[in-house]
file model.txt (compact mmCIF, C-alpha atoms (C1' of nucleotides))
# COMPACT_ATOMS: atom_id res chain seq x y z
CA MET A 1 139.98 110.02 80.43
CA GLY A 2 136.60 108.95 81.76
CA HIS A 3 134.59 107.47 78.94
CA ARG A 4 131.44 106.69 80.84
CA GLU A 5 130.31 110.16 81.79
CA ASN A 6 131.16 112.44 78.89
CA PRO A 7 131.99 110.62 75.69
CA ARG A 8 132.19 113.44 73.16
CA PRO A 9 129.11 113.13 71.01
CA GLY A 10 129.92 111.63 67.63
CA GLY A 11 133.24 110.20 68.76
CA ARG A 12 134.11 106.58 68.33
CA SER A 13 133.58 105.92 71.99
CA ALA A 14 130.05 107.27 71.82
CA ARG A 15 129.23 105.20 68.76
CA VAL A 16 130.39 102.01 70.44
CA GLN A 17 128.41 102.80 73.57
CA ALA A 18 125.26 103.48 71.55
CA ALA A 19 125.64 100.28 69.56
CA VAL A 20 126.19 98.19 72.65
CA HIS A 21 123.30 99.75 74.54
CA GLN A 22 120.97 99.19 71.64
CA SER A 23 122.13 95.63 71.26
CA VAL A 24 121.42 95.00 74.93
CA ARG A 25 117.96 96.55 74.75
CA GLU A 26 117.04 94.48 71.72
CA MET A 27 118.27 91.26 73.26
CA LEU A 28 116.53 91.88 76.57
CA SER A 29 113.25 92.39 74.77
CA LYS A 30 113.58 89.33 72.55
CA MET A 31 115.31 86.64 74.54
CA ASP A 32 115.40 85.07 77.92
CA ARG A 33 117.67 87.02 80.22
CA ALA A 34 119.82 83.95 80.98
CA ASP A 35 120.76 83.74 77.31
CA VAL A 36 122.07 87.29 77.12
CA THR A 37 125.84 87.00 77.13
CA ILE A 38 128.62 89.44 76.40
CA PRO A 39 129.89 87.59 73.32
CA LEU A 40 126.37 87.71 71.85
CA ILE A 41 125.91 91.38 72.68
CA ALA A 42 129.26 92.10 71.10
CA GLN A 43 128.36 90.25 67.94
CA ARG A 44 125.11 92.19 67.49
CA ALA A 45 126.84 95.48 68.17
CA ASN A 46 129.69 94.69 65.79
CA VAL A 47 132.38 95.08 68.41
CA THR A 48 134.70 92.52 69.93
CA PRO A 49 133.91 91.08 73.36
CA SER A 50 137.13 92.40 74.79
CA THR A 51 135.96 95.94 74.11
CA ILE A 52 132.94 95.36 76.31
CA TYR A 53 134.94 93.63 79.01
CA ARG A 54 137.43 96.47 79.14
CA ARG A 55 134.83 99.19 79.21
CA TRP A 56 132.20 97.73 81.50
CA GLY A 57 133.95 94.95 83.35
CA ASP A 58 131.18 92.36 83.37
CA LEU A 59 127.62 91.72 82.30
CA GLN A 60 126.13 93.01 85.54
CA GLU A 61 127.75 96.39 85.21
CA LEU A 62 126.75 96.68 81.59
CA LEU A 63 123.15 95.79 82.39
CA ALA A 64 123.15 98.28 85.25
CA ASP A 65 124.45 100.98 82.94
CA VAL A 66 121.78 100.27 80.34
CA ALA A 67 119.05 100.06 82.95
CA ALA A 68 120.05 103.35 84.53
CA SER A 69 119.91 105.13 81.20
CA ARG A 70 116.51 103.62 80.47
CA LEU A 71 115.17 104.72 83.82
CA GLN A 72 115.95 108.33 83.01
CA PRO A 73 112.61 110.12 82.54
CA GLU A 74 111.81 111.50 79.10
CA GLY A 75 110.47 114.88 80.13
CA GLU A 76 108.76 116.76 82.91
CA PRO A 77 105.65 115.43 84.65
CA ALA A 78 102.49 116.16 82.67
CA ARG A 79 100.39 119.17 83.58
CA ILE A 80 96.90 117.97 84.38
CA GLY A 81 95.53 120.55 86.74
CA SER A 82 96.29 121.03 90.39
CA ALA A 83 99.64 119.92 91.76
CA ARG A 84 97.90 117.09 93.51
CA GLU A 85 96.35 115.86 90.30
CA ASP A 86 99.69 116.13 88.58
CA LEU A 87 101.23 114.08 91.36
CA GLU A 88 98.54 111.43 91.16
CA ALA A 89 98.99 111.05 87.43
CA TRP A 90 102.76 111.00 87.67
CA VAL A 91 102.76 108.40 90.46
CA GLU A 92 100.43 106.15 88.55
CA GLN A 93 102.70 106.13 85.55
CA TYR A 94 105.80 105.73 87.70
CA ALA A 95 104.34 102.81 89.59
CA ASP A 96 103.13 101.09 86.44
CA GLU A 97 106.50 101.42 84.81
CA MET A 98 108.41 100.15 87.81
CA ALA A 99 106.03 97.31 88.54
CA SER A 100 106.12 95.96 84.99
CA GLY A 101 108.35 93.02 84.25
CA VAL A 102 110.84 95.18 82.44
CA GLY A 103 110.79 97.80 85.18
CA ARG A 104 111.39 95.28 87.94
CA GLN A 105 114.30 93.83 86.07
CA MET A 106 115.82 97.25 85.47
CA LEU A 107 115.52 98.04 89.15
CA ARG A 108 117.27 94.81 90.03
CA ASP A 109 120.01 95.41 87.48
CA VAL A 110 120.62 98.87 88.82
CA LEU A 111 120.82 97.63 92.40
CA ALA A 112 123.00 94.63 91.65
CA THR A 113 126.23 96.52 91.07
CA ILE A 114 128.69 96.95 93.86
CA ASP A 115 129.16 100.68 93.70
CA GLY A 116 125.86 102.44 94.14
CA ALA A 117 126.44 105.07 91.47
CA ASN A 118 123.71 103.81 89.17
CA ALA A 119 121.21 103.39 91.97
CA GLU A 120 121.92 106.87 93.24
CA LYS A 121 121.48 108.22 89.74
CA CYS A 122 118.03 106.64 89.47
CA SER A 123 116.92 107.94 92.82
CA GLY A 124 118.14 111.34 91.65
CA TYR A 125 115.92 111.19 88.57
CA THR A 126 112.89 110.51 90.74
CA GLN A 127 113.73 113.35 93.07
CA GLN A 128 114.12 115.75 90.18
CA GLN A 129 110.67 114.91 88.91
CA LEU A 130 109.17 115.36 92.35
CA CYS A 131 110.95 118.69 92.74
CA VAL A 132 109.22 119.94 89.62
CA LEU A 133 105.85 119.05 91.13
CA ILE A 134 106.78 120.70 94.41
CA ALA A 135 107.80 123.88 92.60
CA ARG A 136 104.48 123.96 90.76
CA ALA A 137 102.57 123.59 94.02
CA ARG A 138 104.55 126.43 95.54
CA GLU A 139 103.82 128.68 92.56
CA ASN A 140 100.13 127.95 92.92
CA GLY A 141 100.22 128.35 96.66
CA GLU A 142 98.90 124.79 97.08
CA PRO A 143 99.85 122.88 100.23
CA PHE A 144 102.17 120.05 99.29
CA PRO A 145 104.39 117.46 101.00
CA SER A 146 108.13 118.03 101.18
CA LEU A 147 110.57 116.04 99.08
CA GLY A 148 111.53 114.00 102.13
CA GLU A 149 107.94 113.13 102.89
CA LEU A 150 107.30 112.09 99.32
CA MET A 151 110.40 109.92 99.16
CA ASP A 152 109.76 108.26 102.53
CA HIS A 153 106.04 107.72 102.35
CA LEU A 154 105.23 107.47 98.69
CA ILE A 155 108.24 106.31 96.66
CA SER A 156 109.80 104.02 99.28
CA PRO A 157 106.68 101.91 99.93
CA ILE A 158 106.08 101.52 96.21
CA ILE A 159 109.62 100.39 95.48
CA TYR A 160 109.74 98.13 98.52
CA ARG A 161 106.60 96.31 97.46
CA ILE A 162 107.87 95.92 93.93
CA LEU A 163 111.21 94.55 95.09
CA PHE A 164 110.12 92.29 97.92
CA ASP A 165 106.52 91.30 97.33
CA GLN A 166 104.80 90.12 94.25
CA ALA A 167 101.48 91.80 95.01
CA PHE A 168 101.08 95.33 93.79
CA ASP A 169 97.83 96.88 92.62
CA ALA A 170 97.19 100.24 91.04
CA GLY A 171 94.79 101.48 93.70
CA TYR A 172 97.47 101.19 96.33
CA ALA A 173 99.45 104.04 94.82
CA ARG A 174 96.42 106.33 94.94
CA GLU A 175 95.90 105.43 98.55
CA LEU A 176 99.47 106.37 99.38
CA VAL A 177 99.06 109.72 97.67
CA ALA A 178 95.95 110.40 99.67
CA ARG A 179 97.73 109.53 102.88
CA VAL A 180 100.80 111.64 102.26
CA MET A 181 98.65 114.61 101.17
CA ARG A 182 96.41 114.32 104.22
CA LYS A 183 99.39 114.24 106.50
CA SER A 184 101.04 117.19 104.83
CA ASN A 185 97.88 119.30 105.13
CA ALA A 186 97.38 118.54 108.79
CA MET B 1 112.37 65.67 95.15
CA GLY B 2 113.00 69.26 96.09
CA HIS B 3 116.32 69.55 97.83
CA ARG B 4 116.26 73.23 98.61
CA GLU B 5 113.35 73.31 101.03
CA ASN B 6 113.52 70.19 103.14
CA PRO B 7 116.83 68.38 102.96
CA ARG B 8 116.48 65.73 105.63
CA PRO B 9 118.74 66.75 108.46
CA GLY B 10 121.93 64.71 108.52
CA GLY B 11 121.49 63.48 104.96
CA ARG B 12 124.17 63.89 102.35
CA SER B 13 122.32 66.72 100.70
CA ALA B 14 122.22 68.66 103.94
CA ARG B 15 125.92 68.13 104.57
CA VAL B 16 126.83 69.45 101.15
CA GLN B 17 124.58 72.46 101.59
CA ALA B 18 126.11 73.25 104.97
CA ALA B 19 129.65 72.90 103.66
CA VAL B 20 128.96 75.11 100.66
CA HIS B 21 127.19 77.76 102.70
CA GLN B 22 130.02 77.88 105.19
CA SER B 23 132.56 78.08 102.43
CA VAL B 24 130.72 81.02 100.90
CA ARG B 25 130.44 82.85 104.22
CA GLU B 26 134.14 82.40 104.91
CA MET B 27 135.15 83.60 101.49
CA LEU B 28 132.87 86.61 101.57
CA SER B 29 134.40 87.69 104.85
CA LYS B 30 137.99 87.20 103.76
CA MET B 31 138.24 88.12 100.11
CA ASP B 32 137.06 90.64 97.63
CA ARG B 33 133.66 89.71 96.28
CA ALA B 34 134.89 89.70 92.69
CA ASP B 35 137.30 86.89 93.52
CA VAL B 36 134.63 84.59 94.87
CA THR B 37 134.04 81.98 92.18
CA ILE B 38 132.19 78.69 92.10
CA PRO B 39 135.31 76.58 91.51
CA LEU B 40 136.95 78.18 94.56
CA ILE B 41 133.87 77.71 96.72
CA ALA B 42 133.69 74.11 95.62
CA GLN B 43 137.32 73.50 96.47
CA ARG B 44 136.91 74.88 100.01
CA ALA B 45 133.74 72.90 100.56
CA ASN B 46 135.28 69.68 99.22
CA VAL B 47 132.73 69.21 96.52
CA THR B 48 133.02 69.36 92.76
CA PRO B 49 131.94 72.49 90.91
CA SER B 50 129.35 70.58 88.94
CA THR B 51 127.55 69.76 92.16
CA ILE B 52 127.13 73.46 92.86
CA TYR B 53 126.14 74.26 89.30
CA ARG B 54 123.49 71.57 89.29
CA ARG B 55 122.05 72.51 92.64
CA TRP B 56 122.13 76.29 92.52
CA GLY B 57 122.54 77.12 88.85
CA ASP B 58 124.94 80.04 89.12
CA LEU B 59 126.85 82.18 91.56
CA GLN B 60 124.07 84.74 91.93
CA GLU B 61 121.54 82.19 93.04
CA LEU B 62 123.96 80.63 95.46
CA LEU B 63 124.81 84.00 96.97
CA ALA B 64 121.12 84.83 97.21
CA ASP B 65 120.46 81.55 98.99
CA VAL B 66 123.24 82.16 101.47
CA ALA B 67 122.21 85.76 102.03
CA ALA B 68 118.60 84.82 102.65
CA SER B 69 119.59 82.29 105.27
CA ARG B 70 121.85 84.83 106.97
CA LEU B 71 119.07 87.41 107.04
CA GLN B 72 116.87 85.08 109.04
CA PRO B 73 116.57 86.54 112.56
CA GLU B 74 118.02 84.58 115.45
CA GLY B 75 115.17 84.96 117.90
CA GLU B 76 112.30 87.17 118.96
CA PRO B 77 112.71 90.91 119.45
CA ALA B 78 114.14 91.73 122.89
CA ARG B 79 111.80 92.72 125.68
CA ILE B 80 112.83 96.11 126.94
CA GLY B 81 109.68 97.62 128.36
CA SER B 82 106.72 99.07 126.52
CA ALA B 83 105.94 97.87 123.01
CA ARG B 84 107.18 101.19 121.70
CA GLU B 85 110.51 100.81 123.44
CA ASP B 86 110.79 97.27 122.12
CA LEU B 87 110.09 98.59 118.63
CA GLU B 88 112.68 101.33 118.92
CA ALA B 89 115.34 98.90 120.06
CA TRP B 90 114.46 96.38 117.39
CA VAL B 91 114.47 98.95 114.60
CA GLU B 92 117.83 100.28 115.66
CA GLN B 93 119.39 96.87 115.46
CA TYR B 94 117.60 96.07 112.21
CA ALA B 95 118.74 99.31 110.58
CA ASP B 96 122.33 98.90 111.75
CA GLU B 97 122.48 95.38 110.44
CA MET B 98 121.02 96.25 107.05
CA ALA B 99 123.07 99.42 106.62
CA SER B 100 126.37 97.69 107.31
CA GLY B 101 128.52 96.72 104.39
CA VAL B 102 127.68 93.07 104.82
CA GLY B 103 123.98 93.84 105.22
CA ARG B 104 123.83 95.95 102.10
CA GLN B 105 125.52 93.25 100.11
CA MET B 106 123.18 90.58 101.40
CA LEU B 107 120.21 92.72 100.45
CA ARG B 108 121.59 93.15 96.96
CA ASP B 109 122.31 89.44 96.61
CA VAL B 110 118.81 88.57 97.69
CA LEU B 111 117.27 91.01 95.24
CA ALA B 112 119.48 90.07 92.31
CA THR B 113 117.86 86.72 91.55
CA ILE B 114 115.20 86.50 88.93
CA ASP B 115 112.53 84.74 90.93
CA GLY B 116 111.63 86.75 93.98
CA ALA B 117 111.42 83.78 96.34
CA ASN B 118 114.41 84.80 98.44
CA ALA B 119 113.35 88.44 98.62
CA GLU B 120 109.86 87.43 99.68
CA LYS B 121 111.32 85.18 102.32
CA CYS B 122 113.32 88.06 103.80
CA SER B 123 110.37 90.39 103.84
CA GLY B 124 108.48 87.60 105.58
CA TYR B 125 111.10 87.41 108.32
CA THR B 126 110.73 91.11 108.99
CA GLN B 127 106.96 90.89 109.09
CA GLN B 128 107.10 88.01 111.55
CA GLN B 129 109.25 90.05 113.90
CA LEU B 130 106.92 93.00 113.66
CA CYS B 131 103.92 90.80 114.30
CA VAL B 132 105.46 89.71 117.59
CA LEU B 133 105.75 93.35 118.62
CA ILE B 134 102.20 94.05 117.54
CA ALA B 135 100.92 91.11 119.57
CA ARG B 136 102.74 92.36 122.66
CA ALA B 137 101.22 95.79 122.26
CA ARG B 138 97.78 94.28 121.97
CA GLU B 139 98.29 92.22 125.12
CA ASN B 140 99.31 95.35 127.01
CA GLY B 141 96.53 97.39 125.49
CA GLU B 142 99.04 99.86 124.08
CA PRO B 143 98.13 101.71 120.89
CA PHE B 144 100.32 100.51 118.05
CA PRO B 145 100.59 100.85 114.28
CA SER B 146 99.31 98.08 112.06
CA LEU B 147 101.65 95.78 110.15
CA GLY B 148 100.89 97.65 106.95
CA GLU B 149 101.72 100.99 108.48
CA LEU B 150 104.98 99.68 109.88
CA MET B 151 106.02 98.14 106.57
CA ASP B 152 105.10 101.20 104.51
CA HIS B 153 106.34 103.97 106.74
CA LEU B 154 109.14 102.44 108.76
CA ILE B 155 110.71 99.49 106.95
CA SER B 156 110.29 100.74 103.38
CA PRO B 157 112.00 104.12 103.91
CA ILE B 158 114.90 102.48 105.73
CA ILE B 159 115.48 99.91 103.01
CA TYR B 160 115.05 102.44 100.24
CA ARG B 161 117.69 104.70 101.71
CA ILE B 162 120.07 101.83 102.18
CA LEU B 163 119.61 100.61 98.63
CA PHE B 164 119.55 103.90 96.75
CA ASP B 165 121.37 106.47 98.82
CA GLN B 166 124.60 106.29 100.63
CA ALA B 167 123.58 108.51 103.51
CA PHE B 168 121.93 106.82 106.44
CA ASP B 169 122.26 107.86 110.06
CA ALA B 170 121.02 106.19 113.21
CA GLY B 171 118.86 109.09 114.38
CA TYR B 172 116.79 108.85 111.23
CA ALA B 173 115.33 105.51 112.28
CA ARG B 174 114.21 106.94 115.62
CA GLU B 175 112.55 109.80 113.82
CA LEU B 176 110.61 107.40 111.63
CA VAL B 177 109.44 105.46 114.65
CA ALA B 178 108.23 108.66 116.26
CA ARG B 179 106.36 109.60 113.12
CA VAL B 180 104.65 106.28 112.62
CA MET B 181 103.67 106.11 116.30
CA ARG B 182 102.29 109.64 116.27
CA LYS B 183 100.23 108.92 113.22
CA SER B 184 98.89 105.69 114.63
CA ASN B 185 97.81 107.36 117.84
CA ALA B 186 96.04 110.20 116.10
C1' DT C 1 146.44 120.78 56.70
C1' DT C 2 149.69 117.92 58.75
C1' DC C 3 151.76 115.60 62.53
C1' DA C 4 152.45 113.60 66.93
C1' DC C 5 150.04 111.72 70.70
C1' DT C 6 146.85 108.93 73.27
C1' DA C 7 142.62 106.57 74.37
C1' DA C 8 140.03 103.05 72.72
C1' DC C 9 139.47 99.17 69.71
C1' DG C 10 140.55 94.62 67.21
C1' DC C 11 142.73 90.24 67.20
C1' DA C 12 144.20 85.96 68.94
C1' DA C 13 146.25 83.06 72.39
C1' DA C 14 145.94 81.62 77.15
C1' DT C 15 143.27 80.97 81.02
C1' DT C 16 139.24 80.07 83.56
C1' DA C 17 134.45 79.01 84.15
C1' DT C 18 130.36 76.34 82.77
C1' DT C 19 127.88 72.48 80.81
C1' DT C 20 127.04 67.74 80.10
C1' DG C 21 127.07 62.55 79.66
C1' DC C 22 128.11 58.90 82.29
C1' DT C 23 129.45 56.43 86.55
C1' DT C 24 129.44 55.89 91.45
C1' DT C 25 127.92 56.77 95.97
C1' DT C 26 124.47 57.32 99.60
C1' DG C 27 120.41 57.44 101.87
C1' DT C 28 115.33 55.61 101.90
C1' DG C 29 111.59 52.42 101.93
C1' DC C 30 110.35 47.76 101.27
C1' DG D 1 119.66 43.18 103.34
C1' DC D 2 118.04 44.77 98.69
C1' DA D 3 116.29 47.58 95.09
C1' DC D 4 115.43 52.19 93.86
C1' DA D 5 116.12 57.09 93.20
C1' DA D 6 118.34 61.33 94.17
C1' DA D 7 122.43 63.55 94.37
C1' DA D 8 127.50 63.62 93.88
C1' DG D 9 131.95 62.67 91.40
C1' DC D 10 134.66 62.66 87.25
C1' DA D 11 136.28 64.21 82.91
C1' DA D 12 135.68 65.83 78.30
C1' DA D 13 133.59 69.44 75.60
C1' DT D 14 132.10 74.00 75.22
C1' DA D 15 131.85 78.79 76.35
C1' DA D 16 133.25 82.89 78.61
C1' DT D 17 136.91 85.93 80.32
C1' DT D 18 141.52 87.84 80.50
C1' DT D 19 145.54 89.63 78.50
C1' DG D 20 149.49 91.16 75.49
C1' DC D 21 150.29 93.47 71.49
C1' DG D 22 149.46 95.73 67.14
C1' DT D 23 146.18 99.08 64.84
C1' DT D 24 142.92 102.76 64.29
C1' DA D 25 140.66 107.07 65.08
C1' DG D 26 139.95 111.24 67.35
C1' DT D 27 142.46 115.45 69.51
C1' DG D 28 145.27 119.37 69.87
C1' DA D 29 149.31 121.97 68.48
C1' DA D 30 152.17 123.73 64.99

call {"tool": "encode", "arguments": {"input": "model.txt", "output": "structure tokens"}}
result
Amino acid sequence: MGHRENPRPGGRSARVQAAVHQSVREMLSKMDRADVTIPLIAQRANVTPSTIYRRWGDLQELLADVAASRLQPEGEPARIGSAREDLEAWVEQYADEMASGVGRQMLRDVLATIDGANAEKCSGYTQQQLCVLIARARENGEPFPSLGELMDHLISPIIYRILFDQAFDAGYARELVARVMRKSNA
Amino acid sequence: MGHRENPRPGGRSARVQAAVHQSVREMLSKMDRADVTIPLIAQRANVTPSTIYRRWGDLQELLADVAASRLQPEGEPARIGSAREDLEAWVEQYADEMASGVGRQMLRDVLATIDGANAEKCSGYTQQQLCVLIARARENGEPFPSLGELMDHLISPIIYRILFDQAFDAGYARELVARVMRKSNA
DNA sequence: TTCACTAACGCAAATTATTTGCTTTTGTGC
DNA sequence: GCACAAAAGCAAATAATTTGCGTTAGTGAA
């Protein structure tokens, strides 16, 4: 039986997963990443290392799993006013979160695993959020970029800069929004 | 003295680096990635494991180092005809290379390390190539997108798709070129 | 409720990887 | 050639990972 996707809530499997995830989050916030090892995580979570090895395989996959679950958005994008304003506010928060030290590291963890399941999941979260904004714009009859345009010309440049460059300022995100809106309205 | 940047050519340090890099490349092409370990690499390269540990730290950093050096372009973009044609040809090759199994893995290796030096280096390679194309366009008086536009609206979407999605077809790159050229000419 | 069944866990021994102190080699500048 | 320093080799100590086997806990049927 797959344990990763649907551990029955309240079961032993779910308890172990929760304990391990929490242990990882605590350690990542308190210690240097190089000092986070599976035996230590296991100790804090009150499980044996072999349990973690059997369930996740290695540290990278465990970190990717934790990172993916942390990258899941809490709720829907805030309602500010127009769809464009909602988008601007959402992008600012998204960019800040991803560009922070923790965010960068989560991105890297998610991308480091061999199978792209976690990465795909994260991209899916982003697309869901954008779809909500698109739906709102449609309800209001506001012109709005398509999901493809938003992913290609707003999300992609932000993530690329975060991953490959060091430089990333807040105003840049606003500029991208302006550009993608302008283009969509033309 | 820093050994990573300027090992004097022909020195012992350079020989070890070459042997280790070659050993890694061979193993990555022949075996499953999970079976590539530092002791094995060391054995093939005729060095002791401790040499690798001291120089690179861990497997991730070594793989990132090797990947970064493999991502360095061989020469200048080919001259086909107009700057736009040159760009189209270059992007096609770039996208194919990055989207291949080996390319994806190299990207992930480069991004996995904590300090972004290798990632920055790779982005720098890409920008150098694009600058050559931009310079050619300027010489010919052809209209052409700026480096920023090319990075944001051509390179970023390609890399994002490769990293986060599975789907990536060749025609998509051409479409992006058309879009970024259209925009630049407007 | 009980009972049989199975997935997941704990434990501990065996294996493998990593770290480290010390010695030796090799290339560089005098 | 000689002295110096950086990097490599070696081997012992430590730490992480794998694995076989016994145990526990949740699940579903009677």

call {"tool": "interface_residues", "arguments": {"input": "model.txt", "of": "chain C", "to": "chain A", "cutoff": "8 Å", "atoms": "all atoms listed in the file", "output": "list in words"}}
result
DA7, DA8, DC9 and DG10 of chain C

call {"tool": "closest_atom_pairs", "arguments": {"input": "model.txt", "of": "chain A", "to": "chain D", "cutoff": "12 Å", "atoms": "only C-alpha atoms (C1' of nucleotides)", "output": "JSON lines"}}
result
{"residue": "A:Pro7", "atom": "CA", "partner": "D:DG26", "partner_atom": "C1'", "distance": 11.5}
{"residue": "A:Arg8", "atom": "CA", "partner": "D:DG26", "partner_atom": "C1'", "distance": 9.9}
{"residue": "A:Pro9", "atom": "CA", "partner": "D:DG26", "partner_atom": "C1'", "distance": 11.6}
{"residue": "A:Gly10", "atom": "CA", "partner": "D:DG26", "partner_atom": "C1'", "distance": 10.0}
{"residue": "A:Gly11", "atom": "CA", "partner": "D:DG26", "partner_atom": "C1'", "distance": 6.9}
{"residue": "A:Arg12", "atom": "CA", "partner": "D:DA25", "partner_atom": "C1'", "distance": 7.3}
{"residue": "A:Ser13", "atom": "CA", "partner": "D:DG26", "partner_atom": "C1'", "distance": 9.5}
{"residue": "A:Ala14", "atom": "CA", "partner": "D:DG26", "partner_atom": "C1'", "distance": 11.6}
{"residue": "A:Thr37", "atom": "CA", "partner": "D:DA16", "partner_atom": "C1'", "distance": 8.6}
{"residue": "A:Ile38", "atom": "CA", "partner": "D:DA16", "partner_atom": "C1'", "distance": 8.3}
{"residue": "A:Pro39", "atom": "CA", "partner": "D:DA16", "partner_atom": "C1'", "distance": 7.8}
{"residue": "A:Leu40", "atom": "CA", "partner": "D:DA16", "partner_atom": "C1'", "distance": 10.8}
{"residue": "A:Pro49", "atom": "CA", "partner": "D:DT17", "partner_atom": "C1'", "distance": 9.2}
{"residue": "A:Ser50", "atom": "CA", "partner": "D:DT17", "partner_atom": "C1'", "distance": 8.5}
{"residue": "A:Thr51", "atom": "CA", "partner": "D:DT18", "partner_atom": "C1'", "distance": 11.7}
{"residue": "A:Ile52", "atom": "CA", "partner": "D:DT17", "partner_atom": "C1'", "distance": 11.0}
{"residue": "A:Tyr53", "atom": "CA", "partner": "D:DT17", "partner_atom": "C1'", "distance": 8.1}
{"residue": "A:Arg54", "atom": "CA", "partner": "D:DT18", "partner_atom": "C1'", "distance": 9.6}
{"residue": "A:Gly57", "atom": "CA", "partner": "D:DT17", "partner_atom": "C1'", "distance": 10.0}
{"residue": "A:Asp58", "atom": "CA", "partner": "D:DT17", "partner_atom": "C1'", "distance": 9.1}
{"residue": "A:Leu59", "atom": "CA", "partner": "D:DA16", "partner_atom": "C1'", "distance": 11.1}

call {"tool": "closest_atom_pairs", "arguments": {"input": "model.txt", "of": "chain A", "to": "chain B", "cutoff": "9 Å", "atoms": "all atoms listed in the file", "output": "CSV"}}
result
residue,atom,partner,partner_atom,distance
A:Gln105,CA,B:Ile114,CA,7.9
A:Arg108,CA,B:Ala112,CA,5.7
A:Asp109,CA,B:Ala112,CA,7.2
A:Leu111,CA,B:Arg108,CA,6.4
A:Ala112,CA,B:Arg108,CA,5.7
A:Thr113,CA,B:Arg108,CA,8.2
A:Ile114,CA,B:Gln105,CA,7.9
A:Gly116,CA,B:Phe164,CA,7.0
A:Ala117,CA,B:Phe164,CA,8.8
A:Asn118,CA,B:Phe164,CA,8.6
A:Ala119,CA,B:Phe164,CA,5.1
A:Glu120,CA,B:Phe164,CA,5.2
A:Lys121,CA,B:Phe164,CA,8.5
A:Cys122,CA,B:Phe164,CA,7.9
A:Ser123,CA,B:Phe164,CA,6.2
A:Met151,CA,B:Pro157,CA,7.7
A:Asp152,CA,B:Pro157,CA,4.9
A:His153,CA,B:His153,CA,5.8
A:Leu154,CA,B:Asp152,CA,8.6
A:Ile155,CA,B:Pro157,CA,8.5
A:Ser156,CA,B:Pro157,CA,5.1
A:Pro157,CA,B:Asp152,CA,4.9
A:Ile158,CA,B:Ser156,CA,8.4
A:Ile159,CA,B:Tyr160,CA,7.5
A:Tyr160,CA,B:Ser156,CA,5.5
A:Arg161,CA,B:Ser156,CA,8.3
A:Leu163,CA,B:Leu111,CA,7.0
A:Phe164,CA,B:Ala119,CA,5.1
A:Asp165,CA,B:Glu120,CA,5.6
A:Gln166,CA,B:Gly116,CA,7.6
A:Lys183,CA,B:Lys183,CA,8.6

call {"tool": "atom_distance", "arguments": {"input": "model.txt", "atom1": "CA of Phe144 (chain B)", "atom2": "CA of Ser184 (chain B)"}}
result
6.4 Å

call {"tool": "atom_distance", "arguments": {"input": "model.txt", "atom1": "CA of Arg25 (chain B)", "atom2": "CA of Gln93 (chain B)"}}
result
21.1 Å
